[in-house]
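Peer 1: Following this message is one structure expressed as structure tokens.
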Number of protein chains: 4
Amino acid sequence: MMLYILKANVDTSLLKEKLNRSSASYKFLNLYGKNLLLVWPDQYAKDIVDDSIEIAVNVRKSYVLSSNDWKKEPTIVRVKDTEIGGNKIVVAAGPCAVESEEQLSTAAKGIKRAGASLLRGGAYKPRTSPYSFQGLGEEGVKLLRKVGDEVGLPIVTEIMDTRDTEIFKKYVDMVQIGARNAQNFSLLKEVGKIGKPVLLKRGMGNTVEEWLQASEYILLEGNGNVVLCERGIRTFEKSTRFTIDIGGMIAAKMMTHLPICADPSHPAGRRELVHSLALASVAAGADMLLIEVHPEPEKALSDSEQQLTIESFEVLMNRIRSLAQALGRGL
Amino acid sequence: MMLYILKANVDTSLLKEKLNRSSASYKFLNLYGKNLLLVWPDQYAKDIVDDSIEIAVNVRKSYVLSSNDWKKEPTIVRVKDTEIGGNKIVVAAGPCAVESEEQLSTAAKGIKRAGASLLRGGAYKPRTSPYSFQGLGEEGVKLLRKVGDEVGLPIVTEIMDTRDTEIFKKYVDMVQIGARNAQNFSLLKEVGKIGKPVLLKRGMGNTVEEWLQASEYILLEGNGNVVLCERGIRTFEKSTRFTIDIGGMIAAKMMTHLPICADPSHPAGRRELVHSLALASVAAGADMLLIEVHPEPEKALSDSEQQLTIESFEVLMNRIRSLAQALGRGL
Amino acid sequence: MMLYILKANVDTSLLKEKLNRSSASYKFLNLYGKNLLLVWPDQYAKDIVDDSIEIAVNVRKSYVLSSNDWKKEPTIVRVKDTEIGGNKIVVAAGPCAVESEEQLSTAAKGIKRAGASLLRGGAYKPRTSPYSFQGLGEEGVKLLRKVGDEVGLPIVTEIMDTRDTEIFKKYVDMVQIGARNAQNFSLLKEVGKIGKPVLLKRGMGNTVEEWLQASEYILLEGNGNVVLCERGIRTFEKSTRFTIDIGGMIAAKMMTHLPICADPSHPAGRRELVHSLALASVAAGADMLLIEVHPEPEKALSDSEQQLTIESFEVLMNRIRSLAQALGRGL
Amino acid sequence: MMLYILKANVDTSLLKEKLNRSSASYKFLNLYGKNLLLVWPDQYAKDIVDDSIEIAVNVRKSYVLSSNDWKKEPTIVRVKDTEIGGNKIVVAAGPCAVESEEQLSTAAKGIKRAGASLLRGGAYKPRTSPYSFQGLGEEGVKLLRKVGDEVGLPIVTEIMDTRDTEIFKKYVDMVQIGARNAQNFSLLKEVGKIGKPVLLKRGMGNTVEEWLQASEYILLEGNGNVVLCERGIRTFEKSTRFTIDIGGMIAAKMMTHLPICADPSHPAGRRELVHSLALASVAAGADMLLIEVHPEPEKALSDSEQQLTIESFEVLMNRIRSLAQALGRGL
């Protein structure tokens with residue numbers, strides 16, 4: 001794949017003519033303030049010469065826009081005032097599912113006090129069983145918006161259906177793609193079009209390369225504000241719910257300019273392990289953490305076993321703070 | 001979960017009153033010609049007593065309607081005149097992707113001549129990379145309908161987006177859910193509502209139990225015509241594209257009344273292995289096979305390595321026929 | 001790696017001089033009636049020219065002697081009168097563990113009557129827990145020899161320790177390397193030196209390539225009588241004990257000249273699945289099956305859940321016979 | 001399984017009589033300065049009553065002596081003056097393979113200077129291919145002893161064969177069981193008898209539970225000085241050589257009183273990832289690290305890609321020191 005960075009404010013009509021005469025596929029897009037042109041496959045792409053081209057990069061990867069072959073500096077994703085991918089570690093926390101205004105409000109105040117920067121909570125819930133609590137849907141999203149505004153935290157929540165994009169455009173600060181939709185390419189494209197920052201989870205059966213290719217679907221819509229979130233993969237080991245792939249997460253960080261997030265709650269599957277996995281993720285180099293916190297975990301309508309109490313989350317935040325400082329980072 | 005089979009033509013208004021007074025969740029539905037009532041959780045469900053109830057079954061599984069705890073006889077799924085799940089092994093074949101009318105027509109005539117019962121072909125294509133051929137979309141579906149009618153074969157093709165249900169309702173005989181949407185629960189619900197037979201692939205990172213729970217989303221919409229399709233799981237082994245889980249497929253067959261299909265093409269990843277995996281699947285007990293066949297595999301726009309030529313498919317069909325007879329089944 | 005097939009009855013003293021003068025590593029050995037010379041690495045090996053060399057093959061694989069790059073015809077492994085790797089499918093059967101003479105004798109007569117060609121039984125037992133029955137050891141091997149002779153079946157049993165080679169040399173017809181010792185390289189070398197046919201199981205965490213490399217340790221000792229046995233790998237799926245890798249088994253068959261065996265008992269983990277996995281293995285192309293059969297499975301001291309009764313084994317043998325005939329093979 | 005802690009200096013002759021009259025299996029052993037008695041299975045074990053019994057614990061696990069059901073305080077394993085399992089994090093470092101006295105000596109001085117407490121180096125090398133460098137064997141062990149003594153570091157190296165125990169008894173301070181022999185039960189028993197501290201790696205295809213059961217074979221020989229070492233498991237992900245299972249490692253720590261070690265070098269498979277995995281392991285709670293360091297990694301005869309230079313190791317040690325302090329631990 002040839003990636004061309006074009007000069008600013010130049011006429012590309014001649015370039016387009018050349019492309020149309022060739023047998024190549026191509027796409028113009030604006031990303032990170034740069035005018036880019038992608039041309040493929042290589043055999044046609046290499047013939048393209050034009051005055052409007054400033055830099056040409058031959059990206060020999062299956063992921064292109066998300067690769068750091070052409071963009072060396074790390075991307076910083078801004079969710080309102082919060083910067084993800086800079087020196088500070090960002091923590092998003094909140095309940096697995098939004099259950100009521102009271103539950104959400106208590107959680108939000110608790111995590112804010114402890115130092116979290118984003119409020120998370122599931123409104124549309126992808127549940128393995130149709131007989132499990134399916135989430136409050138649109139009502140849940142509106143509760144998140146209300147409580148987020150009251151407490152002063154931007155909100156992140158999961159989208160499951162291409163038909164719901166208007167709701168997310170209207171109410172949500174950061175759109176999450178869950179592990180089960182990590183290769184739902186229709187949804188990835190639509191989320192790219194919403195234009196809001198995206199938290200893209202890795203599928204439990206997906207390789208790091210496939211994860212980066214999934215992000216490519218979003219970037220190709222001109223939306224470069226993607227944070228990649230590791231949440232554990234499927235392996236033979238059963239003492240944890242999933243196997244958090246710290247190595248794969250760091251391998252990804254070396255392959256892309258996008259920030260990396262870790263979700264220690266889902267791979268842990270039980271509270272006692274969440275602290276260790278959170279600290280390990282930060283020590284390895286994660287830019288962000290996504291942690292499930294519930295005012296009363298034992299009464300939670302989903303993932304009851306793995307949600308932290310607010311008290312335990314406070315302790316964890318203090319430990320993360322010390323660790324981040326030892327690593328030359330902040331919280 | 002309590003599953004109640006209700007007497008035919010009885011008044012259930014009293015029963016509904018009792019349910020509404022209880023703290024139980026419940027759902028009435030008609031499936032396989034029977035009026036069913038599901039009530040959960042168990043602690044409330046067991047109190048329900050009513051004259052309208054004929055049989056009560058306590059299904060202690062995470063999948064209920066798809067379990068053979070309550071329906072012992074195997075379900076036969078009818079796609080036009082083809083019966084899946086009976087004594088005869090059903091073969092669906094055709095190209096990975098619909099590329100042109102000529103390509104599809106040649107493939108369709110070839111597979112029909114060789115003895116296939118259904119025409120498969122991808123129109124909406126879930127591709128790992130956004131730079132790969134994405135399929136012909138609606139135009140592809142219409143080509144399938146046209147060629148299927150000309151050749152006299154019902155058609156099966158994959159749906160990727162909840163917004164496309166009208167197209168599938170209008171043109172398609174059997175709706176396929178692909179591996180990457182195996183836990184796209186919004187899509188599963190919508191496909192349940194279409195009412196057409198469904199070919200439900202197992203996700204590459206999903207357990208057998210999760211696969212049956214996915215089918216539950218479809219059955220719960222009153223659509224019992226689901227065929228479960230094993231297509232290989234993600235493991236550490238790299239000499240094949242995926243690891244076909246023959247054991248898991250047969251374990252599933254013992255857990256459900258639904259028919260079981262095997263896709264030998266995707267786990268093989270290369271032509272030379274497809275025959276062996278197809279024969280192994282039939283010997284193990286598969287009711288149906290889904291096989292990629294292309295008139296000129298080396299020119300295919302996707303999965304070029306694993307598609308069989310028409311000639312090779314004919315040879316395979318003859319081998320399957322012998323095998324089926326040896327097992328007391330037909331083709 | 002360069003593999004040279006040398007002319008018969010020629011003087012190699014000059015060749016040895018050349019090799020000693022070079023910086024190459026080399027090894028002479030006699031395998032399958034041929035004088036072979038291996039020289040590596042390639043940069044030195046390619047310089048070797050000598051009149052004693054008949055054929056030179058550059059094997060670009062991590063496994064060399066087991067590769068079919070140089071030996072196209074399938075290897076037939078003879079265990080007394082039984083030929084493994086020919087047209088006939090060979091079945092080895094018997095109890096998981098030798099428990100008593102009576103148990104073994106009953107099993108041996110039953111499996112012989114049903115058409116099995118080899119008697120299997122564990123004497124040295126690799127048990128996950130030190131508190132489980134550890135096998136009868138040397139006494140068990142002697143019982144196998146006695147019963148095998150009485151019934152007229154050659155015997156195959158597992159070796160676990162390099163210090164036991166004399167016992168196996170004296171009493172055993174075919175030496176089994178178990179899955180847990182699949183990369184016990186000291187043991188592989190010693191078993192190569194015993195000179196008896198070897199049944200080499202694949203490790204539960206080993207790739208097909210590593211399995212072939214393990215066989216290389218045995219062949220390099222001049223022992224070419226190795227049968228490769230697939231017995232299931234570790235995956236995330238838990239509805240079966242292990243995931244039988246039919247695809248990997250057939251991929252191996254395409255990479256090597258050695259015969260391939262399948263063990264359907266261990267991946268099944270429960271009786272009901274053994275028939276299906278055995279039939280699938282034969283349909284895929286296995287040359288041999290290894291099946292656990294116990295006169296009274298419910299009383300077995302190990303693997304009670306997965307051993308077949310003699311009656312069930314008889315039924316299975318009849319099904320295998322029909323299947324083999326349909327495939328143009330015998331039993 | 002019943003575990004009885006016996007009173008000190010009491011006569012157990014009567015107890016032995018009772019055990020012999022029962023149908024139970026039993027074993028007396030001295031571990032951690034305590035006289036223990038194991039009796040199983042439970043139905044017989046519970047009848048045992050005797051004055052010599054101080055405490056009775058019913059351990060309902062597949063691992064017993066290694067379980068913290070009966071021994072709550074963490075075990076500290078002493079290798080000469082080094083304590084593993086206490087507050088200080090212990091680092092063992094050195095080359096993958098001992099290649100020469102000069103190489104080993106340079107490495108040893110470098111890692112000592114940087115703060116490592118143990119010298120590691122492979123003498124008997126378990127190599128996937130018989131054509132790879134197989135290690136210096138006994139000569140390598142002697143070099144380790146010599147260099148270890150000169151530099152003042154205890155040594156840890158891998159044993160592969162039950163016939164080599166005398167060499168390890170004579171020269172080695174800590175005996176390593178490698179991943180490929182993690183279920184070589186003959187070797188585990190013999191290593192238990194040597195009586196030296198043991199570093200027990202987890203097999204690449206083994207569960208945490210199987211790993212603890214493997215340690216049980218060693219403890220049952222009366223050798224309680226076992227350190228458990230996580231080194232990565234086999235998964236579908238290929239961007240790293242193995243998947244380090246930080247979650248499983250911490251799950252193990254919660255199940256046992258034995259100290260836990262992490263090997264970041266093998267799962268990384270390449271230098272750039274080793275730092276991150278080492279730091280993550282310490283943050284998660286590892287008591288010890290095992291790191292490959294080579295004076296000239298690019299010239300190494302094995303694992304060239306993943307060995308750190310001495311300079312890089314020094315940087316890593318400084319980072320580990322900061323991290324350990326932030327966690328309230330030392331180095």
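Labeling convention for the structure tokens: chains A, B, ... as they appear, residues from 1 per chain, ligands from 1 in order of appearance.
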Applying 6 Å and only C-alpha atoms, which residues near range 279-292 of chain B remain after dropping the ones on its own chain fewer than 3 positions away? List them as a list in words.
Peer 2: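 Listing them by chain and then by number gives Gly85, Ile89, Val90, Val91, Ala92, Ala93, Gly94, Pro95, Cys96, Ile260, Cys261, Ala262, Asp263, Ser265, Ser276 and Gln307 of chain B; Ser276, Leu279, Ala280, Ala283 and Ala284 of chain C.
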Peer 1: Could those residues be written to a file, using N, CA, C and O atoms, as a PDB file, in the first residue's frame?
Peer 2:
ATOM      1  N   GLY B  85     -31.107 -32.188   8.421  1.00  0.00           N
ATOM      2  CA  GLY B  85     -31.276 -32.810   9.729  1.00  0.00           C
ATOM      3  C   GLY B  85     -31.952 -34.169   9.653  1.00  0.00           C
ATOM      4  O   GLY B  85     -32.151 -34.832  10.674  1.00  0.00           O
ATOM      5  N   ILE B  89     -27.570 -36.327   3.837  1.00  0.00           N
ATOM      6  CA  ILE B  89     -26.606 -35.251   4.076  1.00  0.00           C
ATOM      7  C   ILE B  89     -26.806 -34.187   2.998  1.00  0.00           C
ATOM      8  O   ILE B  89     -26.869 -34.496   1.809  1.00  0.00           O
ATOM      9  N   VAL B  90     -26.912 -32.949   3.429  1.00  0.00           N
ATOM     10  CA  VAL B  90     -27.168 -31.830   2.515  1.00  0.00           C
ATOM     11  C   VAL B  90     -25.867 -31.078   2.273  1.00  0.00           C
ATOM     12  O   VAL B  90     -25.141 -30.777   3.215  1.00  0.00           O
ATOM     13  N   VAL B  91     -25.583 -30.788   1.006  1.00  0.00           N
ATOM     14  CA  VAL B  91     -24.374 -30.029   0.693  1.00  0.00           C
ATOM     15  C   VAL B  91     -24.744 -28.679   0.069  1.00  0.00           C
ATOM     16  O   VAL B  91     -25.456 -28.631  -0.943  1.00  0.00           O
ATOM     17  N   ALA B  92     -24.276 -27.603   0.695  1.00  0.00           N
ATOM     18  CA  ALA B  92     -24.390 -26.258   0.114  1.00  0.00           C
ATOM     19  C   ALA B  92     -23.023 -25.911  -0.437  1.00  0.00           C
ATOM     20  O   ALA B  92     -22.016 -26.113   0.231  1.00  0.00           O
ATOM     21  N   ALA B  93     -22.990 -25.414  -1.669  1.00  0.00           N
ATOM     22  CA  ALA B  93     -21.696 -25.100  -2.277  1.00  0.00           C
ATOM     23  C   ALA B  93     -21.820 -23.857  -3.139  1.00  0.00           C
ATOM     24  O   ALA B  93     -22.925 -23.400  -3.461  1.00  0.00           O
ATOM     25  N   GLY B  94     -20.671 -23.318  -3.501  1.00  0.00           N
ATOM     26  CA  GLY B  94     -20.647 -22.119  -4.330  1.00  0.00           C
ATOM     27  C   GLY B  94     -19.446 -21.272  -3.965  1.00  0.00           C
ATOM     28  O   GLY B  94     -18.687 -21.615  -3.059  1.00  0.00           O
ATOM     29  N   PRO B  95     -19.297 -20.161  -4.655  1.00  0.00           N
ATOM     30  CA  PRO B  95     -18.091 -19.356  -4.456  1.00  0.00           C
ATOM     31  C   PRO B  95     -18.076 -18.635  -3.113  1.00  0.00           C
ATOM     32  O   PRO B  95     -19.129 -18.334  -2.557  1.00  0.00           O
ATOM     33  N   CYS B  96     -16.875 -18.357  -2.634  1.00  0.00           N
ATOM     34  CA  CYS B  96     -16.720 -17.532  -1.427  1.00  0.00           C
ATOM     35  C   CYS B  96     -17.498 -16.236  -1.624  1.00  0.00           C
ATOM     36  O   CYS B  96     -18.368 -15.910  -0.833  1.00  0.00           O
ATOM     37  N   ILE B 260     -26.691 -30.013  12.516  1.00  0.00           N
ATOM     38  CA  ILE B 260     -25.312 -29.532  12.594  1.00  0.00           C
ATOM     39  C   ILE B 260     -24.691 -29.550  11.195  1.00  0.00           C
ATOM     40  O   ILE B 260     -24.791 -30.535  10.467  1.00  0.00           O
ATOM     41  N   CYS B 261     -24.032 -28.461  10.866  1.00  0.00           N
ATOM     42  CA  CYS B 261     -23.336 -28.320   9.582  1.00  0.00           C
ATOM     43  C   CYS B 261     -21.841 -28.157   9.846  1.00  0.00           C
ATOM     44  O   CYS B 261     -21.441 -27.639  10.893  1.00  0.00           O
ATOM     45  N   ALA B 262     -21.017 -28.590   8.896  1.00  0.00           N
ATOM     46  CA  ALA B 262     -19.578 -28.332   8.988  1.00  0.00           C
ATOM     47  C   ALA B 262     -19.131 -27.575   7.745  1.00  0.00           C
ATOM     48  O   ALA B 262     -19.571 -27.872   6.633  1.00  0.00           O
ATOM     49  N   ASP B 263     -18.272 -26.608   7.953  1.00  0.00           N
ATOM     50  CA  ASP B 263     -17.648 -25.867   6.858  1.00  0.00           C
ATOM     51  C   ASP B 263     -16.177 -26.298   6.824  1.00  0.00           C
ATOM     52  O   ASP B 263     -15.386 -25.847   7.658  1.00  0.00           O
ATOM     53  N   SER B 265     -14.015 -25.689   4.461  1.00  0.00           N
ATOM     54  CA  SER B 265     -13.182 -24.801   3.639  1.00  0.00           C
ATOM     55  C   SER B 265     -12.373 -23.815   4.476  1.00  0.00           C
ATOM     56  O   SER B 265     -11.169 -23.643   4.262  1.00  0.00           O
ATOM     57  N   SER B 276     -10.397 -34.071   3.020  1.00  0.00           N
ATOM     58  CA  SER B 276     -10.243 -34.818   4.280  1.00  0.00           C
ATOM     59  C   SER B 276     -11.159 -34.273   5.369  1.00  0.00           C
ATOM     60  O   SER B 276     -11.798 -35.038   6.100  1.00  0.00           O
ATOM     61  N   GLN B 307     -10.718 -22.483  -2.163  1.00  0.00           N
ATOM     62  CA  GLN B 307     -11.883 -22.863  -2.952  1.00  0.00           C
ATOM     63  C   GLN B 307     -11.547 -24.054  -3.863  1.00  0.00           C
ATOM     64  O   GLN B 307     -10.482 -24.096  -4.465  1.00  0.00           O
TER      65      GLN B 307
ATOM     66  N   SER C 276     -17.546 -41.336  17.186  1.00  0.00           N
ATOM     67  CA  SER C 276     -17.522 -40.263  16.180  1.00  0.00           C
ATOM     68  C   SER C 276     -16.104 -39.825  15.851  1.00  0.00           C
ATOM     69  O   SER C 276     -15.755 -39.632  14.683  1.00  0.00           O
ATOM     70  N   LEU C 279     -14.264 -42.580  13.790  1.00  0.00           N
ATOM     71  CA  LEU C 279     -14.721 -42.624  12.393  1.00  0.00           C
ATOM     72  C   LEU C 279     -14.209 -41.402  11.626  1.00  0.00           C
ATOM     73  O   LEU C 279     -13.770 -41.520  10.472  1.00  0.00           O
ATOM     74  N   ALA C 280     -14.250 -40.253  12.249  1.00  0.00           N
ATOM     75  CA  ALA C 280     -13.763 -39.036  11.590  1.00  0.00           C
ATOM     76  C   ALA C 280     -12.284 -39.169  11.251  1.00  0.00           C
ATOM     77  O   ALA C 280     -11.838 -38.769  10.169  1.00  0.00           O
ATOM     78  N   ALA C 283     -11.884 -41.460   8.263  1.00  0.00           N
ATOM     79  CA  ALA C 283     -12.346 -40.789   7.039  1.00  0.00           C
ATOM     80  C   ALA C 283     -11.342 -39.738   6.581  1.00  0.00           C
ATOM     81  O   ALA C 283     -11.139 -39.531   5.382  1.00  0.00           O
ATOM     82  N   ALA C 284     -10.697 -39.077   7.527  1.00  0.00           N
ATOM     83  CA  ALA C 284      -9.716 -38.046   7.168  1.00  0.00           C
ATOM     84  C   ALA C 284      -8.462 -38.652   6.563  1.00  0.00           C
ATOM     85  O   ALA C 284      -7.785 -38.007   5.760  1.00  0.00           O
TER      86      ALA C 284
END
Peer 1: Quick one: residues within 7 Å of Glu305 in chain C, only C-alpha atoms, excluding same-chain residues fewer than 3 positions away - as a PyMOL selection string?
Peer 2: chain C and resi 269-271
Peer 1: Since we have the selection now, will you write its residues out, keeping C-alpha atoms, as a tab-separated table (two decimals), in the first residue's frame?
Peer 2:
chain	number	residue	atom	x	y	z
C	269	GLY	CA	-12.81	-37.73	27.44
C	270	ARG	CA	-16.16	-39.53	27.49
C	271	ARG	CA	-17.34	-42.71	25.89
Peer 1: Using only C-alpha atoms, which protein or nucleic acid residues come within 9 Å of Glu230 in chain C? Drop anything in the same chain fewer than 4 positions from it, and give the result as a list in words.
Peer 2: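 Skipping anything fewer than 4 positions along the chain leaves Leu200, Lys201, Arg202, Gly203, Ile244, Asp245, Ile246, Gly248, Met249, Ile260, Cys261, Ala262, Asp263 and Pro264 of chain C.
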Peer 1: Could you list, as a PyMOL selection string, every residue of chain B that has an atom within 8 Å of an atom of chain A, counting only C-alpha atoms?
Peer 2: chain B and resi 62-63+126-130+160-163+180-181+183-187+204-206+210+213-214+216-217+234
Peer 1: Write to file, as a PDB file, in the first residue's frame, the residues of the selection just made, with N, CA and C atoms.
Peer 2:
ATOM      1  N   SER B  62     -27.642 -23.312  30.252  1.00  0.00           N
ATOM      2  CA  SER B  62     -27.616 -21.895  29.902  1.00  0.00           C
ATOM      3  C   SER B  62     -28.325 -21.654  28.567  1.00  0.00           C
ATOM      4  N   TYR B  63     -28.612 -22.740  27.814  1.00  0.00           N
ATOM      5  CA  TYR B  63     -29.405 -22.672  26.587  1.00  0.00           C
ATOM      6  C   TYR B  63     -30.627 -23.518  26.867  1.00  0.00           C
ATOM      7  N   PRO B 126     -17.676  -9.932   5.139  1.00  0.00           N
ATOM      8  CA  PRO B 126     -16.943  -9.419   6.306  1.00  0.00           C
ATOM      9  C   PRO B 126     -15.451  -9.646   6.100  1.00  0.00           C
ATOM     10  N   ARG B 127     -14.734  -8.627   5.688  1.00  0.00           N
ATOM     11  CA  ARG B 127     -13.310  -8.781   5.390  1.00  0.00           C
ATOM     12  C   ARG B 127     -12.450  -8.173   6.490  1.00  0.00           C
ATOM     13  N   THR B 128     -11.458  -8.890   6.906  1.00  0.00           N
ATOM     14  CA  THR B 128     -10.563  -8.443   7.974  1.00  0.00           C
ATOM     15  C   THR B 128      -9.958  -7.075   7.654  1.00  0.00           C
ATOM     16  N   SER B 129      -9.641  -6.860   6.385  1.00  0.00           N
ATOM     17  CA  SER B 129      -9.048  -5.591   5.971  1.00  0.00           C
ATOM     18  C   SER B 129     -10.027  -4.762   5.159  1.00  0.00           C
ATOM     19  N   PRO B 130     -10.095  -3.441   5.424  1.00  0.00           N
ATOM     20  CA  PRO B 130     -10.991  -2.585   4.636  1.00  0.00           C
ATOM     21  C   PRO B 130     -10.500  -2.417   3.189  1.00  0.00           C
ATOM     22  N   MET B 160     -24.921  -8.993   7.376  1.00  0.00           N
ATOM     23  CA  MET B 160     -23.935  -8.365   8.265  1.00  0.00           C
ATOM     24  C   MET B 160     -24.493  -7.188   9.051  1.00  0.00           C
ATOM     25  N   ASP B 161     -25.707  -6.735   8.693  1.00  0.00           N
ATOM     26  CA  ASP B 161     -26.166  -5.458   9.242  1.00  0.00           C
ATOM     27  C   ASP B 161     -27.671  -5.535   9.481  1.00  0.00           C
ATOM     28  N   THR B 162     -28.102  -5.063  10.658  1.00  0.00           N
ATOM     29  CA  THR B 162     -29.532  -5.077  10.989  1.00  0.00           C
ATOM     30  C   THR B 162     -30.361  -4.243  10.013  1.00  0.00           C
ATOM     31  N   ARG B 163     -29.697  -3.326   9.293  1.00  0.00           N
ATOM     32  CA  ARG B 163     -30.447  -2.463   8.369  1.00  0.00           C
ATOM     33  C   ARG B 163     -30.765  -3.158   7.040  1.00  0.00           C
ATOM     34  N   ARG B 180     -17.842 -13.906  12.505  1.00  0.00           N
ATOM     35  CA  ARG B 180     -17.488 -12.633  13.135  1.00  0.00           C
ATOM     36  C   ARG B 180     -18.701 -11.919  13.744  1.00  0.00           C
ATOM     37  N   ASN B 181     -19.893 -12.358  13.380  1.00  0.00           N
ATOM     38  CA  ASN B 181     -21.111 -11.820  13.988  1.00  0.00           C
ATOM     39  C   ASN B 181     -21.820 -12.849  14.868  1.00  0.00           C
ATOM     40  N   GLN B 183     -21.693 -13.385  17.888  1.00  0.00           N
ATOM     41  CA  GLN B 183     -22.229 -12.826  19.134  1.00  0.00           C
ATOM     42  C   GLN B 183     -22.661 -11.373  18.928  1.00  0.00           C
ATOM     43  N   ASN B 184     -23.112 -11.075  17.704  1.00  0.00           N
ATOM     44  CA  ASN B 184     -23.726  -9.773  17.413  1.00  0.00           C
ATOM     45  C   ASN B 184     -25.209  -9.948  17.738  1.00  0.00           C
ATOM     46  N   PHE B 185     -25.536  -9.678  19.014  1.00  0.00           N
ATOM     47  CA  PHE B 185     -26.847 -10.065  19.502  1.00  0.00           C
ATOM     48  C   PHE B 185     -27.978  -9.259  18.855  1.00  0.00           C
ATOM     49  N   SER B 186     -27.722  -8.013  18.484  1.00  0.00           N
ATOM     50  CA  SER B 186     -28.734  -7.227  17.770  1.00  0.00           C
ATOM     51  C   SER B 186     -29.085  -7.918  16.454  1.00  0.00           C
ATOM     52  N   LEU B 187     -28.064  -8.372  15.758  1.00  0.00           N
ATOM     53  CA  LEU B 187     -28.282  -9.034  14.477  1.00  0.00           C
ATOM     54  C   LEU B 187     -29.008 -10.368  14.661  1.00  0.00           C
ATOM     55  N   MET B 204     -15.084 -17.865  16.033  1.00  0.00           N
ATOM     56  CA  MET B 204     -13.782 -18.515  16.111  1.00  0.00           C
ATOM     57  C   MET B 204     -13.224 -18.533  17.531  1.00  0.00           C
ATOM     58  N   GLY B 205     -13.783 -17.691  18.398  1.00  0.00           N
ATOM     59  CA  GLY B 205     -13.332 -17.662  19.784  1.00  0.00           C
ATOM     60  C   GLY B 205     -14.446 -18.070  20.741  1.00  0.00           C
ATOM     61  N   ASN B 206     -15.472 -18.735  20.236  1.00  0.00           N
ATOM     62  CA  ASN B 206     -16.623 -19.096  21.071  1.00  0.00           C
ATOM     63  C   ASN B 206     -16.648 -20.567  21.450  1.00  0.00           C
ATOM     64  N   GLU B 210     -21.551 -21.209  24.201  1.00  0.00           N
ATOM     65  CA  GLU B 210     -21.887 -19.862  23.716  1.00  0.00           C
ATOM     66  C   GLU B 210     -22.580 -19.910  22.351  1.00  0.00           C
ATOM     67  N   GLN B 213     -26.076 -20.748  23.003  1.00  0.00           N
ATOM     68  CA  GLN B 213     -26.746 -19.569  23.567  1.00  0.00           C
ATOM     69  C   GLN B 213     -27.045 -18.543  22.474  1.00  0.00           C
ATOM     70  N   ALA B 214     -26.161 -18.445  21.479  1.00  0.00           N
ATOM     71  CA  ALA B 214     -26.421 -17.535  20.356  1.00  0.00           C
ATOM     72  C   ALA B 214     -27.665 -17.988  19.599  1.00  0.00           C
ATOM     73  N   GLU B 216     -30.096 -19.453  20.790  1.00  0.00           N
ATOM     74  CA  GLU B 216     -31.230 -19.166  21.677  1.00  0.00           C
ATOM     75  C   GLU B 216     -31.846 -17.796  21.362  1.00  0.00           C
ATOM     76  N   TYR B 217     -30.999 -16.823  21.018  1.00  0.00           N
ATOM     77  CA  TYR B 217     -31.497 -15.491  20.644  1.00  0.00           C
ATOM     78  C   TYR B 217     -32.449 -15.569  19.446  1.00  0.00           C
ATOM     79  N   ARG B 234      -9.981 -20.741  16.845  1.00  0.00           N
ATOM     80  CA  ARG B 234      -8.619 -20.222  16.969  1.00  0.00           C
ATOM     81  C   ARG B 234      -7.829 -21.054  17.976  1.00  0.00           C
TER      82      ARG B 234
END
Peer 1: Taking only C-alpha atoms into account, name the residue in C:Ser52, C:Ser100, C:Ser239, C:Thr256 that is nearest to Ala123 in chain C.
Peer 2: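 Among the listed residues, the smallest separation from Ala123 in chain C belongs to C:Ser100.
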Peer 1: Would you kindly return, as a list in words, each protein, DNA or RNA residue with an atom no farther than 12 Å from any atom of Asp11 in chain D, considering only C-alpha atoms and excluding same-chain residues fewer than 6 positions away?
Peer 2: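 Close residues of Asp11 in chain D: Glu17, Asn35, Asp50, Asp51, Ser52 and Ile53 of chain D.
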Peer 1: Looking at only C-alpha atoms, which of A:Leu308, A:Ala251, A:Met174, A:Glu102 is the one that sits closest to Leu277 in chain D?
Peer 2: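 Answer, going by the shortest atom-to-atom distance: A:Ala251.
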Peer 1: Taking the backbone alone, and naming residues the way the document does, which bits of range 7-209 of chain B are strand (DSSP E or B) by DSSP, as a ChimeraX atom specification?
Peer 2: /B:25-31,34-40,53-58,67,77-79,82-84,88,90-94,97,118-120,122,155-159,174-177,198-201
